[in-house]
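S.K.: Please find data-v1.txt (compact mmCIF, C-alpha atoms) on the next line:
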```txt
# COMPACT_ATOMS: atom_id res chain seq x y z
CA MET A 109 -28.61 -4.52 10.53
CA THR A 110 -27.09 -3.28 7.26
CA SER A 111 -23.85 -1.34 6.78
CA PHE A 112 -25.83 1.89 6.41
CA ASP A 113 -27.93 1.81 9.59
CA SER A 114 -27.20 4.17 12.47
CA SER A 115 -28.99 5.29 15.61
CA PRO A 116 -28.21 7.17 18.81
CA THR A 117 -28.33 3.90 20.74
CA LEU A 118 -25.90 2.17 18.38
CA THR A 119 -23.57 5.18 18.50
CA ALA A 120 -23.60 5.18 22.31
CA TRP A 121 -22.84 1.47 22.48
CA ARG A 122 -20.00 1.82 20.01
CA ALA A 123 -18.56 4.73 21.98
CA LEU A 124 -18.62 2.65 25.17
CA LEU A 125 -17.02 -0.25 23.32
CA ALA A 126 -14.28 2.02 22.02
CA VAL A 127 -13.39 3.22 25.51
CA ALA A 128 -13.28 -0.37 26.77
CA VAL A 129 -11.09 -1.48 23.88
CA VAL A 130 -8.64 1.36 24.49
CA PHE A 131 -8.25 0.53 28.18
CA VAL A 132 -7.75 -3.16 27.43
CA MET A 133 -5.10 -2.37 24.85
CA LEU A 134 -3.27 -0.03 27.18
CA ALA A 135 -3.32 -2.60 29.97
CA THR A 136 -2.23 -5.58 27.89
CA THR A 137 -0.02 -4.26 25.09
CA GLY A 138 1.19 -0.83 26.15
CA TRP A 139 2.12 1.95 23.78
CA THR A 140 3.88 0.10 21.00
CA ALA A 141 4.46 2.91 18.55
CA VAL A 142 7.17 2.51 15.94
CA ARG A 143 9.26 5.26 17.49
CA HIS A 144 10.64 2.62 19.87
CA GLN A 145 11.74 0.26 17.13
CA ARG A 146 15.31 0.01 15.82
CA SER A 147 16.39 2.02 12.80
CA ASP A 148 16.56 0.32 9.40
CA GLU A 149 20.26 -0.53 9.61
CA PRO A 150 20.97 -1.81 6.05
CA ARG A 151 19.20 1.18 4.52
CA ASP A 152 20.94 3.60 6.91
CA ILE A 153 24.35 2.18 6.00
CA ALA A 154 23.55 2.48 2.29
CA LEU A 155 22.40 6.10 2.67
CA THR A 156 25.56 7.02 4.58
CA SER A 157 27.70 5.52 1.83
CA TRP A 158 25.69 7.31 -0.87
CA ALA A 159 26.14 10.67 0.89
CA ARG A 160 29.92 10.25 0.62
CA GLY A 161 29.84 8.91 -2.94
CA ARG A 162 30.87 10.59 -6.16
CA ILE A 163 30.58 9.88 -9.87
CA ALA A 164 32.48 11.51 -12.71
CA GLY A 165 34.07 13.80 -10.12
CA HIS A 166 30.73 15.10 -8.82
CA ALA A 167 28.92 14.48 -5.53
CA LEU A 168 25.79 12.37 -5.66
CA PRO A 169 22.47 14.24 -5.24
CA ASP A 170 20.52 14.37 -2.02
CA VAL A 171 18.11 11.42 -1.89
CA ASP A 172 15.38 13.82 -0.71
CA ALA A 173 15.74 16.03 -3.79
CA PRO A 174 12.57 16.44 -5.90
CA PRO A 175 12.00 13.54 -8.32
CA ARG A 176 12.38 15.82 -11.34
CA ARG A 177 15.83 16.89 -10.18
CA LEU A 178 16.82 13.28 -9.61
CA ALA A 179 15.44 12.31 -13.02
CA THR A 180 17.55 15.07 -14.59
CA PHE A 181 20.62 13.77 -12.75
CA PHE A 182 20.16 10.21 -14.03
CA ALA A 183 19.44 11.48 -17.54
CA SER A 184 22.82 13.24 -17.50
CA LEU A 185 24.68 9.97 -16.92
CA THR A 186 25.75 7.35 -19.41
CA ALA A 187 24.07 3.96 -19.30
CA ALA A 188 27.23 2.48 -17.80
CA GLN A 189 27.31 5.13 -15.06
CA ARG A 190 23.67 4.53 -14.16
CA THR A 191 24.24 0.79 -13.91
CA ALA A 192 27.38 1.33 -11.83
CA LEU A 193 25.40 3.41 -9.32
CA ALA A 194 22.66 0.79 -9.13
CA ASP A 195 25.23 -1.97 -8.55
CA THR A 196 27.16 0.03 -5.93
CA TYR A 197 24.18 1.48 -4.05
CA PRO A 198 21.26 -0.89 -4.77
CA LEU A 199 19.33 -0.08 -1.59
CA VAL A 200 19.44 3.61 -2.49
CA VAL A 201 18.85 3.56 -6.25
CA GLY A 202 16.19 0.86 -5.98
CA ASN A 203 14.09 3.09 -3.71
CA LEU A 204 14.88 6.44 -5.28
CA ASN A 205 11.87 8.32 -6.63
CA GLY A 206 13.07 9.95 -9.83
CA ALA A 207 15.38 7.12 -10.90
CA PRO A 208 14.30 5.33 -14.12
CA VAL A 209 11.87 2.49 -13.46
CA THR A 210 13.96 -0.18 -15.18
CA LEU A 211 17.05 0.96 -13.24
CA ARG A 212 15.14 0.57 -9.98
CA TYR A 213 14.14 -2.94 -11.04
CA HIS A 214 17.80 -3.75 -11.68
CA ALA A 215 18.96 -2.27 -8.38
CA ASN A 216 16.32 -4.08 -6.35
CA ARG A 217 17.16 -7.39 -7.96
CA ARG A 218 20.77 -6.87 -6.92
CA ALA A 219 19.68 -5.87 -3.39
CA LEU A 220 17.54 -9.00 -3.18
CA LYS A 221 20.49 -11.20 -4.12
CA GLN A 222 22.59 -9.53 -1.44
CA ALA A 223 19.82 -9.97 1.14
CA ARG A 224 19.47 -13.64 0.19
CA THR A 225 23.21 -14.18 0.70
CA VAL A 226 23.02 -12.57 4.14
CA GLU A 227 20.23 -14.90 5.20
CA GLN A 228 22.01 -17.96 3.77
CA GLU A 229 24.96 -17.16 6.01
CA ARG A 230 22.71 -16.59 9.03
CA MET A 231 21.05 -19.97 8.46
CA HIS A 232 24.34 -21.64 9.42
CA ASP A 233 25.47 -19.18 12.09
CA ALA A 234 26.06 -21.20 15.27
CA ARG A 235 25.82 -18.03 17.34
CA LEU A 236 22.11 -17.78 16.55
CA SER A 237 19.41 -19.70 18.38
CA PRO A 238 17.51 -22.40 16.49
CA GLU A 239 14.64 -19.93 16.22
CA GLY A 240 17.00 -17.33 14.75
CA ARG A 241 18.28 -19.77 12.13
CA ASP A 242 14.71 -20.76 11.28
CA ASP A 243 13.86 -17.08 10.81
CA ALA A 244 16.84 -16.71 8.49
CA PHE A 245 15.65 -19.71 6.47
CA ARG A 246 12.17 -18.23 6.07
CA ARG A 247 13.59 -14.87 4.99
CA MET A 248 15.92 -16.57 2.53
CA GLN A 249 12.96 -18.38 1.03
CA ARG A 250 11.04 -15.13 0.71
CA PHE A 251 13.92 -13.43 -1.11
CA GLU A 252 14.36 -16.50 -3.32
CA SER A 253 10.70 -16.25 -4.31
CA MET A 254 11.02 -12.53 -5.03
CA LEU A 255 13.96 -13.27 -7.34
CA ALA A 256 11.85 -15.50 -9.60
CA HIS A 257 12.14 -14.67 -13.28
CA GLY A 258 9.89 -11.89 -14.51
CA ARG A 259 9.23 -10.22 -11.16
CA HIS A 260 9.83 -6.46 -10.94
CA PHE A 261 10.24 -4.51 -7.72
CA LEU A 262 9.95 -0.74 -7.58
CA ALA A 263 11.01 -0.74 -3.92
CA PHE A 264 12.80 -3.14 -1.60
CA ASP A 265 14.29 -2.77 1.87
CA PRO A 266 15.10 -5.83 4.03
CA SER A 267 15.59 -3.76 7.19
CA GLY A 268 13.42 -4.70 10.15
CA ARG A 269 10.12 -6.23 9.02
CA GLY A 270 10.90 -4.93 5.52
CA HIS A 271 9.27 -2.96 2.70
CA ALA A 272 8.59 -3.78 -0.94
CA ALA A 273 6.53 -2.70 -3.95
CA GLU A 274 6.00 -5.06 -6.90
CA VAL A 275 4.81 -3.98 -10.34
CA PHE A 276 2.57 -5.94 -12.70
CA GLY A 277 2.44 -4.62 -16.26
CA ASP A 278 4.49 -1.99 -18.09
CA LEU A 279 4.65 0.98 -15.75
CA ASP A 280 6.43 3.22 -18.26
CA ARG A 281 3.77 2.76 -20.95
CA ALA A 282 0.65 2.39 -18.84
CA GLN A 283 -2.39 4.56 -19.49
CA ARG A 284 -3.92 3.63 -16.13
CA VAL A 285 -1.99 2.76 -12.96
CA SER A 286 -3.57 1.16 -9.88
CA LEU A 287 -1.94 1.01 -6.45
CA VAL A 288 -3.05 -1.57 -3.91
CA VAL A 289 -2.48 -0.21 -0.39
CA PRO A 290 -2.80 -3.06 2.17
CA GLY A 291 -3.37 -2.85 5.91
CA VAL A 292 -2.34 -4.36 9.24
CA ASP A 293 0.52 -6.89 9.35
CA THR A 294 1.94 -5.91 5.98
CA ASN A 295 5.65 -6.78 5.79
CA LEU A 296 8.07 -8.81 3.68
CA MET A 297 6.99 -12.10 5.22
CA THR A 298 3.31 -11.43 4.47
CA LEU A 299 3.94 -9.87 1.05
CA GLU A 300 2.64 -13.03 -0.60
CA ARG A 301 0.86 -16.12 0.65
CA SER A 302 -0.31 -19.41 -0.77
CA GLY A 303 -3.46 -21.49 -0.67
CA ALA A 304 -6.68 -19.93 0.57
CA LYS A 305 -4.86 -16.74 1.66
CA THR A 306 -3.26 -16.01 -1.71
CA ASN A 307 -5.52 -13.10 -2.59
CA ALA A 308 -5.51 -11.70 0.95
CA ALA A 309 -1.82 -10.75 0.63
CA PRO A 310 -0.59 -7.63 -1.24
CA VAL A 311 0.92 -9.52 -4.18
CA GLY A 312 -2.16 -11.69 -4.61
CA MET A 313 -4.43 -8.65 -4.42
CA ALA A 314 -2.45 -6.84 -7.10
CA LYS A 315 -2.20 -9.86 -9.41
CA SER A 316 -5.95 -10.43 -9.18
CA LEU A 317 -6.67 -6.77 -9.90
CA TYR A 318 -4.28 -6.70 -12.85
CA ALA A 319 -5.90 -9.76 -14.42
CA ALA A 320 -9.39 -8.34 -13.83
CA GLU A 321 -8.45 -4.97 -15.36
CA ARG A 322 -7.07 -6.64 -18.47
CA THR A 323 -10.34 -8.55 -18.79
CA ALA A 324 -12.43 -5.42 -18.23
CA ARG A 325 -10.68 -3.39 -20.95
CA PRO A 326 -8.13 -5.41 -22.92
CA ALA A 327 -7.16 -2.43 -25.10
CA THR A 328 -6.19 -0.26 -22.14
CA ARG A 329 -2.56 -0.45 -21.10
CA THR A 330 -2.61 -0.97 -17.34
CA ALA A 331 -0.13 -1.50 -14.53
CA VAL A 332 -0.81 -2.46 -10.93
CA ILE A 333 1.52 -1.92 -7.97
CA ALA A 334 1.38 -4.04 -4.83
CA TRP A 335 2.48 -1.24 -2.51
CA ALA A 336 3.82 -2.74 0.73
CA ASP A 337 6.34 0.07 1.11
CA TYR A 338 5.33 1.46 4.48
CA THR A 339 5.50 0.36 8.11
CA ALA A 340 2.07 -1.06 8.90
CA PRO A 341 0.71 -1.85 12.37
CA ALA A 342 1.76 -5.25 13.68
CA GLY A 343 -1.52 -6.81 14.73
CA ILE A 344 -4.54 -5.15 16.29
CA GLY A 345 -2.79 -3.07 18.95
CA MET A 346 -2.39 0.61 19.72
CA ASP A 347 -0.69 1.34 16.40
CA ALA A 348 -3.82 0.11 14.62
CA VAL A 349 -6.11 2.59 16.41
CA LEU A 350 -3.73 5.53 16.06
CA GLY A 351 -2.89 7.48 12.92
CA ASN A 352 0.89 7.76 13.40
CA LEU A 353 1.85 5.00 11.00
CA ALA A 354 -0.73 6.17 8.48
CA GLU A 355 0.77 9.66 8.54
CA ARG A 356 4.27 8.33 7.96
CA GLY A 357 3.06 5.99 5.25
CA ALA A 358 1.16 8.83 3.58
CA VAL A 359 4.44 10.69 3.07
CA ARG A 360 5.87 7.67 1.25
CA LEU A 361 2.71 7.15 -0.80
CA ARG A 362 2.59 10.77 -1.95
CA ALA A 363 6.28 10.63 -2.89
CA LEU A 364 5.78 7.52 -5.01
CA VAL A 365 2.67 8.78 -6.80
CA GLY A 366 4.37 12.09 -7.51
CA ALA A 367 7.27 10.28 -9.16
CA LEU A 368 5.35 7.81 -11.34
CA PRO A 369 6.44 8.03 -14.98
CA GLY A 370 4.34 9.46 -17.79
CA THR A 371 0.90 11.00 -17.52
CA SER A 372 -1.16 7.93 -16.65
CA LYS A 373 -4.25 8.30 -14.50
CA VAL A 374 -3.86 6.72 -11.08
CA SER A 375 -6.36 4.87 -8.87
CA LEU A 376 -5.77 3.84 -5.25
CA PHE A 377 -7.32 0.67 -3.82
CA CYS A 378 -6.97 0.85 -0.06
CA HIS A 379 -7.84 -2.09 2.18
CA SER A 380 -8.46 -1.98 5.93
CA TYR A 381 -5.78 0.18 7.67
CA GLY A 382 -4.55 1.07 4.19
CA SER A 383 -7.70 3.18 3.83
CA VAL A 384 -6.63 5.18 6.89
CA LEU A 385 -3.34 5.90 5.14
CA CYS A 386 -5.09 6.86 1.89
CA GLY A 387 -7.38 9.20 3.80
CA VAL A 388 -4.42 10.98 5.39
CA ALA A 389 -2.62 11.23 2.05
CA ALA A 390 -5.62 12.34 -0.02
CA HIS A 391 -5.34 16.12 0.30
CA GLU A 392 -1.79 16.24 -1.08
CA LEU A 393 -2.06 13.68 -3.86
CA PRO A 394 -1.53 15.02 -7.40
CA SER A 395 -4.50 15.59 -9.68
CA ARG A 396 -3.61 12.53 -11.77
CA VAL A 397 -5.14 10.46 -8.94
CA THR A 398 -8.70 10.09 -10.23
CA ASP A 399 -10.10 7.53 -7.80
CA ILE A 400 -9.60 6.47 -4.18
CA ALA A 401 -11.46 3.24 -3.43
CA VAL A 402 -11.58 1.76 0.07
CA ALA A 403 -12.73 -1.66 1.24
CA GLY A 404 -13.17 -2.97 4.76
CA SER A 405 -12.31 0.48 6.07
CA PRO A 406 -12.19 1.40 9.78
CA GLY A 407 -12.35 5.07 8.68
CA MET A 408 -10.29 7.63 6.78
CA ARG A 409 -9.67 10.00 9.72
CA VAL A 410 -12.35 12.42 8.56
CA GLN A 411 -16.08 12.78 9.15
CA ASN A 412 -17.05 13.01 5.49
CA ALA A 413 -15.54 12.73 2.04
CA ALA A 414 -15.44 16.50 1.54
CA GLN A 415 -12.91 16.76 4.37
CA LEU A 416 -10.46 14.67 2.33
CA HIS A 417 -9.97 17.75 0.12
CA THR A 418 -9.28 15.71 -2.99
CA THR A 419 -10.39 16.03 -6.60
CA ALA A 420 -10.47 12.24 -6.84
CA ASP A 421 -13.74 10.33 -6.72
CA VAL A 422 -14.01 8.49 -3.42
CA TRP A 423 -15.46 4.97 -3.50
CA ALA A 424 -16.26 2.63 -0.61
CA MET A 425 -17.47 -0.93 -0.17
CA ARG A 426 -17.92 -3.49 2.57
CA ASP A 427 -19.19 -7.02 2.30
CA ARG A 428 -21.97 -8.39 4.48
CA ASP A 429 -19.82 -10.39 6.93
CA ASP A 430 -16.74 -8.20 7.28
CA TRP A 431 -15.95 -7.94 11.01
CA ILE A 432 -14.75 -4.35 10.51
CA GLU A 433 -18.42 -3.32 10.66
CA ASP A 434 -18.30 -3.88 14.43
CA VAL A 435 -15.34 -1.56 14.97
CA PRO A 436 -16.50 1.77 16.48
CA ASN A 437 -16.36 4.55 13.88
CA MET A 438 -15.20 7.47 15.95
CA GLU A 439 -12.16 9.60 16.72
CA VAL A 440 -11.40 10.85 20.22
CA GLY A 441 -8.07 12.41 21.12
CA GLY A 442 -6.36 10.77 18.17
CA LEU A 443 -7.81 7.31 18.91
CA GLY A 444 -9.97 5.84 16.16
CA HIS A 445 -10.28 6.75 12.50
CA GLY A 446 -13.51 8.70 12.11
CA ALA A 447 -16.73 8.07 10.24
CA ASP A 448 -17.64 4.93 8.33
CA PRO A 449 -17.01 5.48 4.59
CA VAL A 450 -19.98 3.31 3.59
CA ASP A 451 -22.43 5.36 5.66
CA ARG A 452 -24.83 7.36 3.50
CA GLY A 453 -23.82 10.62 5.17
CA PHE A 454 -20.12 10.17 4.48
CA GLY A 455 -20.54 11.07 0.82
CA ALA A 456 -18.52 8.33 -0.88
CA ARG A 457 -19.73 6.46 -3.96
CA VAL A 458 -20.75 3.15 -2.40
CA ALA A 459 -20.10 0.21 -4.71
CA SER A 460 -21.37 -3.30 -4.17
CA ALA A 461 -19.11 -5.91 -2.61
CA GLY A 462 -21.54 -8.53 -3.87
CA ASP A 463 -20.38 -12.05 -3.14
CA ALA A 464 -17.14 -11.14 -1.37
CA ARG A 465 -16.73 -12.82 1.99
CA GLY A 466 -14.87 -11.79 5.13
CA HIS A 467 -12.46 -8.95 5.77
CA SER A 468 -9.91 -10.11 3.20
CA GLY A 469 -12.13 -11.41 0.41
CA TYR A 470 -12.46 -8.32 -1.77
CA PHE A 471 -9.80 -9.32 -4.32
CA GLU A 472 -10.94 -12.89 -4.89
CA PRO A 473 -11.26 -13.65 -8.63
CA GLY A 474 -14.86 -13.83 -9.81
CA THR A 475 -16.26 -11.61 -7.07
CA GLU A 476 -18.34 -8.53 -7.76
CA SER A 477 -16.03 -6.51 -5.51
CA LEU A 478 -13.02 -7.29 -7.70
CA SER A 479 -14.99 -6.60 -10.89
CA ASN A 480 -15.99 -3.21 -9.49
CA PHE A 481 -12.41 -2.42 -8.54
CA ALA A 482 -11.25 -3.36 -12.04
CA ALA A 483 -13.91 -1.17 -13.66
CA ILE A 484 -12.80 1.78 -11.53
CA GLY A 485 -9.15 1.09 -12.28
CA VAL A 486 -9.60 1.22 -16.05
CA GLY A 487 -12.15 4.04 -15.99
CA ALA A 488 -15.10 1.86 -17.07
CA TYR A 489 -17.37 3.55 -14.55
CA GLY A 490 -20.54 2.54 -16.34
CA SER A 491 -19.78 -1.07 -15.42
CA VAL A 492 -19.59 -0.42 -11.68
CA THR A 493 -22.39 -2.03 -9.70
CA CYS A 494 -23.67 0.29 -6.98
CA ALA A 495 -24.67 -0.95 -3.53
CA SER A 496 -28.43 -1.24 -3.12
CA ALA A 497 -28.52 1.75 -0.78
CA ASP A 498 -26.59 3.91 -3.24
CA SER A 499 -28.00 3.26 -6.70
CA ALA A 500 -26.61 6.58 -7.93
CA CYS A 501 -22.93 5.88 -7.24
CA ARG A 502 -21.98 6.39 -10.91
CA GLU A 503 -23.71 9.74 -11.35
CA GLY A 504 -21.62 12.70 -12.37
CA ILE A 505 -18.52 10.76 -13.44
CA SER A 506 -17.14 11.45 -16.87
CA GLY A 507 -17.48 8.35 -19.03
CA ALA A 508 -19.98 6.66 -16.72
```
For this file, produce the structure as structure tokens.

M.R.:
Amino acid sequence: MTSFDSSPTLTAWRALLAVAVVFVMLATTGWTAVRHQRSDEPRDIALTSWARGRIAGHALPDVDAPPRRLATFFASLTAAQRTALADTYPLVVGNLNGAPVTLRYHANRRALKQARTVEQERMHDARLSPEGRDDAFRRMQRFESMLAHGRHFLAFDPSGRGHAAEVFGDLDRAQRVSLVVPGVDTNLMTLERSGAKTNAAPVGMAKSLYAAERTARPATRTAVIAWADYTAPAGIGMDAVLGNLAERGAVRLRALVGALPGTSKVSLFCHSYGSVLCGVAAHELPSRVTDIAVAGSPGMRVQNAAQLHTTADVWAMRDRDDWIEDVPNMEVGGLGHGADPVDRGFGARVASAGDARGHSGYFEPGTESLSNFAAIGVGAYGSVTCASADSACREGISGA
């Protein structure tokens, strides 16, 4: 059966499966929503300090102020004052939409060094269990890797499971910006992986996309962001079938996109649960977002693309052996994420996943799925290969 088939019998079986899955999850995992987790202590401490801070005799602005107001504030400071703020409050400035991009890079590098020092001390803390010291060692290694020369982070927070966003390319000068929005189990420890899983992790996805975009249109100035700056579900539990974390992540995504520098066009590439988040965010994204592309999606919490209420073109793809195809596409009482984006009736532009394999294979170099993503990212719509059941996926797009 292909990705586009549907029937009353199949729908009934999927509905029954959904009910069974829900009861199993409730019985074995319980309600594990993030509201029960601890607050992000390092970030909270930094924000409290910032709220009491002053510079040149003036109070520091509210971190929730509009990005334009924050940009005006930083523009009013001398270079030395900006650097002093970044060095004193790295966990605030490094995550502050409206602060200059290069200043955020500087602040996050300082925050990473501080986080590495904390973990180095924990590695030798006799009060911790052997498992605790091992965890500290792994975190120290992660921060050490993130501090490698030439890496640039637009966001970093070591609290809890952690958040980060890494930039490839010149974000200030880019004509086209792509954001990779990953799914379940996204955190600092899964930000990057090695070996066969390299391109299944956010950093690997973004690096592959950046390289493919530069190949697709070498003359176009591009930048790609590996956006792991939200709290994703931990495993396939209740959080993964609810929309709570997607709604919270959507707030963060909209804030980032609204604060990106310049006038570059923006494309979102949303994988798995990340597509749920992108669906929730879609209606409030700025008009500079021209494309929302989803892969391996369990749904976007709507029944059709029109309900996303976005001016962006909506793209979808799924490869032939992605297990997500067997997940029931429904929404009942907040459980589930709605219709399948690759279904003909959904109304997305269905692109071919070609030779991609598995749920996490869409960003593998050399695959048709990655080539299609790259073409969308640089606006080379005429190069997109449509899925066989949607040969008209390029119709009506300017430049196609």

S.K.: If we count only C-alpha atoms, what is near Met408 in chain A at a cut-off of 7 Å, once residues fewer than 2 positions away on the same chain are taken out, given as a list in words?

M.R.: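 The neighbour list is Ser383, Val384, Gly387, Val388, Val410, His445 and Gly446 of chain A.
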
S.K.: Which is closest to Asp448 in chain A among A:Leu478, A:Val201, A:Val365, A:Ala413, if we use all atoms listed in the file?

M.R.: A:Ala413

S.K.: Residues at most 6 Å from Gly270 in chain A, counting only C-alpha atoms, excluding those fewer than 4 positions away in the same chain, as a list in words?

M.R.: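 Neighbouring residues, sequence-local ones excluded: Asp265, Pro266, Asn295 and Leu296 of chain A.
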
S.K.: Keeping C-alpha atoms for every residue in the selection just given, could you write it to a file as a PDB file, keeping the file's coordinate frame?

M.R.:
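Printed below is selection.pdb as written:
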```pdb
ATOM      1  CA  ASP A 265      14.290  -2.770   1.870  1.00  0.00           C
ATOM      2  CA  PRO A 266      15.100  -5.830   4.030  1.00  0.00           C
ATOM      3  CA  ASN A 295       5.650  -6.780   5.790  1.00  0.00           C
ATOM      4  CA  LEU A 296       8.070  -8.810   3.680  1.00  0.00           C
TER       5      LEU A 296
END
```

S.K.: Could you name the residues that touch Ala187 in chain A at 12 Å or less, counting only C-alpha atoms, but leaving out those on the same chain fewer than 6 positions away, as JSON, numbers by chain?

M.R.: {"A": [193, 194, 208, 210, 211]}

S.K.: For the atom pair CA of Arg177 in chain A and CA of Ala367 in chain A, what is the interatomic distance in Å to one decimal place?

M.R.: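 Separating CA of Arg177 in chain A from CA of Ala367 in chain A is a distance of 10.9 Å.
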
S.K.: Which residues are close to Val486 in chain A, i.e. within 12 Å by all atoms listed in the file, leaving aside same-chain residues fewer than 6 positions away? Reply as a PDB file with C-alpha atoms, in the frame of the given file.

M.R.:
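The resulting file, out-v2.pdb, is shown below:
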```
ATOM      1  CA  ALA A 282       0.650   2.390 -18.840  1.00  0.00           C
ATOM      2  CA  GLN A 283      -2.390   4.560 -19.490  1.00  0.00           C
ATOM      3  CA  ARG A 284      -3.920   3.630 -16.130  1.00  0.00           C
ATOM      4  CA  VAL A 285      -1.990   2.760 -12.960  1.00  0.00           C
ATOM      5  CA  SER A 286      -3.570   1.160  -9.880  1.00  0.00           C
ATOM      6  CA  LEU A 317      -6.670  -6.770  -9.900  1.00  0.00           C
ATOM      7  CA  TYR A 318      -4.280  -6.700 -12.850  1.00  0.00           C
ATOM      8  CA  ALA A 319      -5.900  -9.760 -14.420  1.00  0.00           C
ATOM      9  CA  ALA A 320      -9.390  -8.340 -13.830  1.00  0.00           C
ATOM     10  CA  GLU A 321      -8.450  -4.970 -15.360  1.00  0.00           C
ATOM     11  CA  ARG A 322      -7.070  -6.640 -18.470  1.00  0.00           C
ATOM     12  CA  THR A 323     -10.340  -8.550 -18.790  1.00  0.00           C
ATOM     13  CA  ALA A 324     -12.430  -5.420 -18.230  1.00  0.00           C
ATOM     14  CA  ARG A 325     -10.680  -3.390 -20.950  1.00  0.00           C
ATOM     15  CA  PRO A 326      -8.130  -5.410 -22.920  1.00  0.00           C
ATOM     16  CA  ALA A 327      -7.160  -2.430 -25.100  1.00  0.00           C
ATOM     17  CA  THR A 328      -6.190  -0.260 -22.140  1.00  0.00           C
ATOM     18  CA  ARG A 329      -2.560  -0.450 -21.100  1.00  0.00           C
ATOM     19  CA  THR A 330      -2.610  -0.970 -17.340  1.00  0.00           C
ATOM     20  CA  ALA A 331      -0.130  -1.500 -14.530  1.00  0.00           C
ATOM     21  CA  VAL A 332      -0.810  -2.460 -10.930  1.00  0.00           C
ATOM     22  CA  SER A 372      -1.160   7.930 -16.650  1.00  0.00           C
ATOM     23  CA  LYS A 373      -4.250   8.300 -14.500  1.00  0.00           C
ATOM     24  CA  VAL A 374      -3.860   6.720 -11.080  1.00  0.00           C
ATOM     25  CA  SER A 375      -6.360   4.870  -8.870  1.00  0.00           C
ATOM     26  CA  LEU A 376      -5.770   3.840  -5.250  1.00  0.00           C
ATOM     27  CA  THR A 398      -8.700  10.090 -10.230  1.00  0.00           C
ATOM     28  CA  ASP A 399     -10.100   7.530  -7.800  1.00  0.00           C
ATOM     29  CA  SER A 479     -14.990  -6.600 -10.890  1.00  0.00           C
ATOM     30  CA  ASN A 480     -15.990  -3.210  -9.490  1.00  0.00           C
ATOM     31  CA  VAL A 492     -19.590  -0.420 -11.680  1.00  0.00           C
ATOM     32  CA  GLY A 507     -17.480   8.350 -19.030  1.00  0.00           C
ATOM     33  CA  ALA A 508     -19.980   6.660 -16.720  1.00  0.00           C
TER      34      ALA A 508
END
```

S.K.: Which protein, DNA or RNA residues are at most 7 Å from (10.3, 1.0, 0.2) in the file's coordinates when you count only C-alpha atoms, listed as a ChimeraX atom specification?

M.R.: /A:203,263-265,271-273,337-338

S.K.: Around the point (30.3, 8.0, -6.1) (coordinates from the file), which residues reach within 10 Å if we count only C-alpha atoms? Answer as a list in words.

M.R.: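 All residues meeting the 10 Å criterion around (30.3, 8.0, -6.1) are Ser157, Trp158, Ala159, Arg160, Gly161, Arg162, Ile163, Ala164, Gly165, His166, Ala167, Leu168, Gln189, Ala192, Leu193, Thr196 and Tyr197 of chain A.
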
S.K.: Taking 5 positions as the minimum chain separation for residues in the same chain, which residues sit within 7 Å of Pro406 in chain A when counting only C-alpha atoms? Answer as a list of chain:residue names.

M.R.: A:Ser380, A:Tyr381, A:Ile432, A:Val435, A:Asn437, A:His445, A:Asp448

S.K.: Quote the spacing between CA of Leu279 in chain A and CA of Ala219 in chain A in Å to one decimal place.

M.R.: 20.6 Å

S.K.: Using all atoms listed in the file, find the one residue out of A:Arg360, A:Cys386, A:Ala447, A:Ala309 that sits nearest to Tyr470 in chain A.

M.R.: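 Comparing A:Arg360, A:Cys386, A:Ala447, A:Ala309 against Tyr470 in chain A, the winner is A:Ala309.
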
S.K.: Give the answer as one residue: which of A:Asn205, A:Gln411, A:Thr191, A:Asn216 has the shortest atom-to-atom distance to Asp170 in chain A, using all atoms listed in the file?

M.R.: A:Asn205

S.K.: Counting all atoms listed in the file, figure out which residue out of A:Arg409, A:Arg457, A:Arg465, A:Arg247 gets nearest to Gly504 in chain A.

M.R.: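 Comparing A:Arg409, A:Arg457, A:Arg465, A:Arg247 against Gly504 in chain A, the winner is A:Arg457.
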
S.K.: I'd like the interatomic distance between CA of Pro449 in chain A and CA of Val402 in chain A, to a tenth of an Å.

M.R.: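 Here the two named atoms are 8.0 Å from each other.
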
S.K.: For a quick check of understanding, using only C-alpha atoms, which of A:Ala459, A:Gly268, A:Leu262, A:Thr186 has the smallest distance to Arg151 in chain A?

M.R.: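 Closest to Arg151 in chain A of all the choices is A:Gly268.
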
S.K.: Considering only C-alpha atoms, state which residue in the set A:Arg176, A:Arg190, A:Arg246, A:Arg301 is at the smallest distance from Ala363 in chain A.

M.R.: A:Arg176

S.K.: Box for range 152-164 of chain A: with edges along x, y and z, all listed atoms inside and 5 Å added on each side, what are the centre and edge lengths in Å to one decimal, as AutoDock Vina command-line options?

M.R.:
```
--center_x 26.7 --center_y 6.8 --center_z -2.9 --size_x 21.5 --size_y 19.3 --size_z 29.6
```
